[in-house]
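Structure first, commentary second.
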Amino acid sequence: MKLDKRNRLEDWLPTSAKEVEKRGWDSLDVILFTGDAYIDHPAFGAAVIGRMLESHGLKVAIVPQPNWRDDLRDFKKLGRPNYFFGVTAGAMDSMVNHYTANRRLRSNDAYTPDGRAGQRPDYASVVYCNILKELYPDVPVLLGGIEASLRRVTHYDYWSDKLKPGILADAKADLMVYGMGEQPLLEIIRLIERGVPLDSLKTIPQTAFLNDTDQELPKNKHWKDIELASHEECLEDKLKYARNFRYVEEESNRWNAARLVQKVGNQQIVINPPYPPMSTGELDASFDLPYTRLPHPRYIAKGPIPAFEMIKFSVNMHRGCFGGCSFCTISAHQGKFIASRSKESIMNEVEQITEMPDFKGYLSDLGGPSANMYKMEGKNLKICQRCTRPSCIHPNICTNLNTDHTAMTDIYQSVSKMNGIKKAFVGSGVRYDMLYNNMASSEEKESHKKYMEELITNHVSGRLKVAPEHTSDQVLNVMRKPSFKLFYKFKADFDSINKAKKLNQQIIPYFISSHPGSEDIDMANLACETHDLDFKLEQVQDFTPTPMTVATVIYYSGYHPYTLEKIYTPVSQKDKLGQRMFLFWYKKEYQQQIKDRLKKLNRFDMIKKLFPEKERDHKNLPPKNAKFKKGKPQKFRKKR
């Protein structure tokens with residue numbers, strides 16, 4: 001990473017006592033601790049929160065990746081803040097960051113210079129909070145970030161293979177912010193500046209706190225309460241644990257949600273309902289803060305940070321995802337309603353990128369959690385405000401959802417015309433099912449066609465990422481994904497546009513093995529269908545149970561949380577690896593094992609399809625009069 005000569009050290013939030021002193025500050029209002037390296041960019045939560053607090057006049061510092069193994073000097077070096085300590089594990093759950101789907105320790109960490117592993121602890125949120133409380137018992141600790149957000153109630157922890165209580169039962173934090181933190185934090189700061197102690201803030205939306213069971217809940221006449229099965233009940237009864245999740249998911253994605261309460265021992269975790277979706281103005285205010293868009297200069301000699309290298313020339317156009325996929329945590333953290341930036345804010349960010357010294361004219365992504373949901377919302381928002389559906393597009397696309405792609409197409413074209421832009425690629429995954437919305441108006445359908453042509457013609461870097469995830473309708477239904485028939489339709493249109501434009505581009509499909517509901521025969525069918533499509537899969541993964549997803553609830557409990565029906569899930573290492581190998585039917589090392597499995601399934605037709613016997617190449621046959629010795633033909637000479 002090269003430091004832009006236009007930047008000074010003071011352009012970043014301070015990370016050391018010397019940097020604080022350089023600013024002339026004699027104290028700090030907020031000190032943030034994060035498990036990631038400090039990258040001053042709107043894609044990294046600690047930077048967003050730090051910049052937002054700074055914009056409201058607070059003196060803020062960030063301590064990135066503090067050493068928790070030594071004498072804890074990193075936790076002491078900046079002293080006590082005037083307001084509170086803020087804690088986040090980083091941009092990923094620390095256990096997902098550390099371990100593979102096979103529970104093997106990863107050898108790298110994308111959020112650390114040079115990709116070095118081991119710079120944050122397991123369960124980082126809990127470790128950081130408890131160290132701070134031990135060192136400064138009288139200083140409030142505010143917990144936030146993805147790890148805390150996804151572990152806010154009783155959850156299955158794949159890595160310890162047990163149910164854990166909501167994170168506040170283990171982390172000694174005074175208050176927790178879940179989801180995207182700007183709205184609750186602004187209210188927290190407003191009240192603290194009026195002299196209200198942080199540990200008495202009990203009615204701020206999108207926060208959670210620990211309460212004694214004999215204490216009355218704070219009153220709010222606009223909220224109704226839902227009491228979940230206690231942590232102890234979940235430990236005893238998997239069905240109660242599964243049933244809990246439906247309430248958690250629905251209330252996390254409602255416009256006007258209930259307050260959730262769950263007992264843990266002699267206490268209860270109280271989860272206040274979320275804020276409504278951010279407005280365009282609020283989201284612009286967050287993205288338009290004075291980020292340097294670069295890692296802190298402390299990393300100059302420590303090697304590149306892979307996560308930054310991946311996104312430094314990309315632009316996020318919106319937050320949220322209404323797909324509600326069973327294995328995905330986006331809606332649990334960002335919500336299902338889409339919050340979109342203004343075109344002006346997006347164009348300003350693109351202009352900033354073009355001025356970066358190492359920018360060569362190629363934007364890596366104009367996208368979001370899903371590439372093509374920008375500016376989409378309900379036609380009648382009053383219907384959305386009453387809705388409890390976890391997905392707006394499964395099992396069918398909601399008739400109230402406006403799937404017009406015009407705004408996206410306009411931004412793609414406008415960005416492409418900017419000075420300094422050679423190509424603006426779309427690297428985020430495209431939800432192709434929305435491009436075939438039969439219930440859409442004629443104007444919407446026309447926008448789908450124009451978007452598809454613009455995308456495929458001008459914004460694919462040779463390979464377009466899409467995520468069918470599976471080929472079995474039964475499994476796809478559990479995943480909350482569309483039928484694979486739509487993928488065939490999209491591929492036909494993709495190929496047709498490429499042919500018409502004389503382009504040589506590929507579709508790169510993503511698939512998941514061992515997902516709940518998937519059996520060996522489903523994976524065998526997946527192998528046959530991808531074989532027929534001539535796909536040799538690269539972008540694949542084995543299902544990893546992560547907190548706060550439908551699929552994880554099924555994996556642990558065996559029950560679907562909405563229907564309470566039993567669902568088969570491959571759990572053992574043998575079964576998981578057995579499913580995964582079907583994704584790689586084209587690799588010789590798996591072919592005999594696949595044949596053996598198909599024989600057990602009595603599917604000789606699939607063996608024939610996947611591994612047809614090759615006709616002998618007669619040109620390479622030895623002459624009829626060749627003599628063989630020890631299995632090899634002897635050399636011979638032609639008669640003269």
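Naming works like this for the structure tokens: A, B, ... for the chains as they're shown, residue 1 at the start of each chain, ligands 1 onward in shown order.
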Fill in: Selection near Thr403 of chain A, 7 Å with only C-alpha atoms, sequence-local residues under 5 positions removed, as a ChimeraX atom specification
/A:376,434,444
Dump all heavy atoms for the selected residues as a CSV table (one decimal), in the first residue's frame?
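Below you can see out-v4.csv, which holds the result:
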```
chain,number,residue,atom,x,y,z
A,376,MET,N,-34.9,-0.4,-5.0
A,376,MET,CA,-36.2,-1.2,-5.1
A,376,MET,C,-36.9,-1.2,-3.7
A,376,MET,O,-36.2,-1.3,-2.7
A,376,MET,CB,-35.8,-2.7,-5.4
A,376,MET,CG,-35.4,-2.8,-6.9
A,376,MET,SD,-35.2,-4.5,-7.4
A,376,MET,CE,-34.5,-4.2,-9.0
A,434,MET,N,-35.1,-12.0,-10.5
A,434,MET,CA,-35.9,-10.8,-10.6
A,434,MET,C,-36.0,-10.3,-12.0
A,434,MET,O,-36.9,-9.5,-12.3
A,434,MET,CB,-35.3,-9.7,-9.7
A,434,MET,CG,-35.4,-10.0,-8.2
A,434,MET,SD,-35.1,-8.6,-7.2
A,434,MET,CE,-33.5,-8.1,-7.7
A,444,GLU,N,-41.7,-2.4,-16.2
A,444,GLU,CA,-40.6,-3.1,-15.4
A,444,GLU,C,-40.0,-4.2,-16.3
A,444,GLU,O,-38.7,-4.3,-16.3
A,444,GLU,CB,-41.3,-3.8,-14.2
A,444,GLU,CG,-41.6,-2.9,-13.1
A,444,GLU,CD,-42.4,-3.6,-11.9
A,444,GLU,OE1,-41.7,-4.2,-11.1
A,444,GLU,OE2,-43.6,-3.5,-11.9
```
Worksheet item: Got a sec: who's within 12 Å of Arg194 of chain A, counting only C-alpha atoms, leaving out chain neighbours fewer than 6 positions off, as a list in words?
Response: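 Everything that qualifies: Tyr83, Glu187 and Ile188 of chain A.
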Export N, CA and C atoms of the chosen residues as a compact mmCIF listing (two decimals), in the first residue's frame?
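Ended up saving to part_15.txt:
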```txt
# COMPACT_ATOMS: atom_id res chain seq x y z
N TYR A 83 -16.72 9.09 27.30
CA TYR A 83 -18.07 8.55 27.10
C TYR A 83 -18.11 7.03 27.26
N GLU A 187 -28.54 8.49 18.49
CA GLU A 187 -29.43 8.71 19.63
C GLU A 187 -28.68 8.50 20.94
N ILE A 188 -27.81 7.51 20.98
CA ILE A 188 -27.00 7.26 22.18
C ILE A 188 -26.14 8.49 22.50
```
Residues of segment 319-360 of chain A at most 10 Å from segment 386-401 of chain A: nearest atom pair and distance in Å, only C-alpha atoms, as a tab-separated table:
```
residue	atom	partner	partner_atom	distance
A:Cys321	CA	A:Ser391	CA	8.7
A:Phe322	CA	A:Ser391	CA	5.4
A:Gly323	CA	A:Ser391	CA	5.2
A:Gly324	CA	A:Ser391	CA	4.5
A:Cys325	CA	A:Ser391	CA	7.6
A:Ser326	CA	A:Ser391	CA	9.7
A:Ser331	CA	A:Pro390	CA	8.6
A:Ala332	CA	A:Pro390	CA	9.9
A:Gly335	CA	A:Pro390	CA	9.6
A:Lys336	CA	A:Ser391	CA	7.4
A:Phe337	CA	A:Cys392	CA	9.2
```
Worksheet item: Just asking: which residues within segment 186-371 of chain A are helix (DSSP H, G or I) according to DSSP, as a count of residues only?
Response: 66
Item to complete: Give me the residues within 6 Å of segment 7-20 of chain A as a PyMOL selection string, counting only C-alpha atoms and dropping any in the same chain fewer than 3 places off.
Response: chain A and resi 4+23+25+61-63+78
Could you save the residues just selected, with all heavy atoms, as a short mmCIF file (atom, residue, chain, number, x, y, z; two decimals), in the first residue's frame?
```cif
data_model
loop_
_atom_site.label_atom_id
_atom_site.label_comp_id
_atom_site.auth_asym_id
_atom_site.auth_seq_id
_atom_site.Cartn_x
_atom_site.Cartn_y
_atom_site.Cartn_z
N ASP A 4 -0.90 8.09 -0.26
CA ASP A 4 -1.13 9.22 -1.15
C ASP A 4 -0.44 10.46 -0.54
O ASP A 4 -0.66 10.80 0.61
CB ASP A 4 -2.65 9.45 -1.27
CG ASP A 4 -3.01 10.49 -2.30
OD1 ASP A 4 -2.13 11.29 -2.67
OD2 ASP A 4 -4.18 10.51 -2.72
N ARG A 23 -2.73 15.77 17.72
CA ARG A 23 -3.96 16.53 17.46
C ARG A 23 -4.22 17.57 18.55
O ARG A 23 -5.18 18.34 18.45
CB ARG A 23 -5.15 15.59 17.37
CG ARG A 23 -5.14 14.72 16.11
CD ARG A 23 -6.50 14.14 15.84
NE ARG A 23 -6.55 13.46 14.56
CZ ARG A 23 -7.66 13.31 13.85
NH1 ARG A 23 -8.80 13.79 14.30
NH2 ARG A 23 -7.64 12.68 12.70
N TRP A 25 -5.13 16.86 21.63
CA TRP A 25 -6.21 16.43 22.53
C TRP A 25 -5.62 15.97 23.87
O TRP A 25 -4.63 15.23 23.89
CB TRP A 25 -6.99 15.27 21.92
CG TRP A 25 -7.72 15.60 20.65
CD1 TRP A 25 -7.97 16.84 20.14
CD2 TRP A 25 -8.29 14.67 19.73
NE1 TRP A 25 -8.67 16.76 18.96
CE2 TRP A 25 -8.88 15.42 18.68
CE3 TRP A 25 -8.38 13.29 19.68
CZ2 TRP A 25 -9.54 14.83 17.60
CZ3 TRP A 25 -9.03 12.70 18.61
CH2 TRP A 25 -9.60 13.46 17.58
N ALA A 61 -10.76 7.72 18.79
CA ALA A 61 -9.57 6.97 18.39
C ALA A 61 -9.95 5.52 18.13
O ALA A 61 -10.98 5.04 18.64
CB ALA A 61 -8.49 7.05 19.46
N ILE A 62 -9.13 4.83 17.35
CA ILE A 62 -9.36 3.42 17.04
C ILE A 62 -8.13 2.62 17.45
O ILE A 62 -7.00 2.99 17.11
CB ILE A 62 -9.63 3.22 15.53
CG1 ILE A 62 -10.96 3.87 15.14
CG2 ILE A 62 -9.65 1.74 15.16
CD1 ILE A 62 -11.32 3.73 13.67
N VAL A 63 -8.36 1.52 18.15
CA VAL A 63 -7.29 0.59 18.48
C VAL A 63 -7.54 -0.68 17.66
O VAL A 63 -8.40 -1.48 18.00
CB VAL A 63 -7.24 0.25 19.97
CG1 VAL A 63 -6.09 -0.72 20.27
CG2 VAL A 63 -7.08 1.52 20.80
N LEU A 78 -4.38 4.26 25.58
CA LEU A 78 -5.09 5.52 25.36
C LEU A 78 -5.90 5.97 26.57
O LEU A 78 -6.60 6.98 26.53
CB LEU A 78 -6.01 5.40 24.14
CG LEU A 78 -5.32 5.09 22.81
CD1 LEU A 78 -6.33 4.99 21.68
CD2 LEU A 78 -4.27 6.14 22.48
#
```
Fill in: Within 12 Å of Phe308 of chain A using only C-alpha atoms, minus same-chain residues under 3 positions, as a list in words
Met1, Asp36, Ala37, Tyr38, Ile39, Asp40, His41, Pro42, Ala43, Phe44, Ala91, Asp109, Ala110, Tyr111, Thr112, Pro113, Asp114, Gly115, Arg293, Leu294, Pro295, His296, Gly303, Pro304, Ile305, Ile311, Lys312, Phe313 and Ser314 of chain A
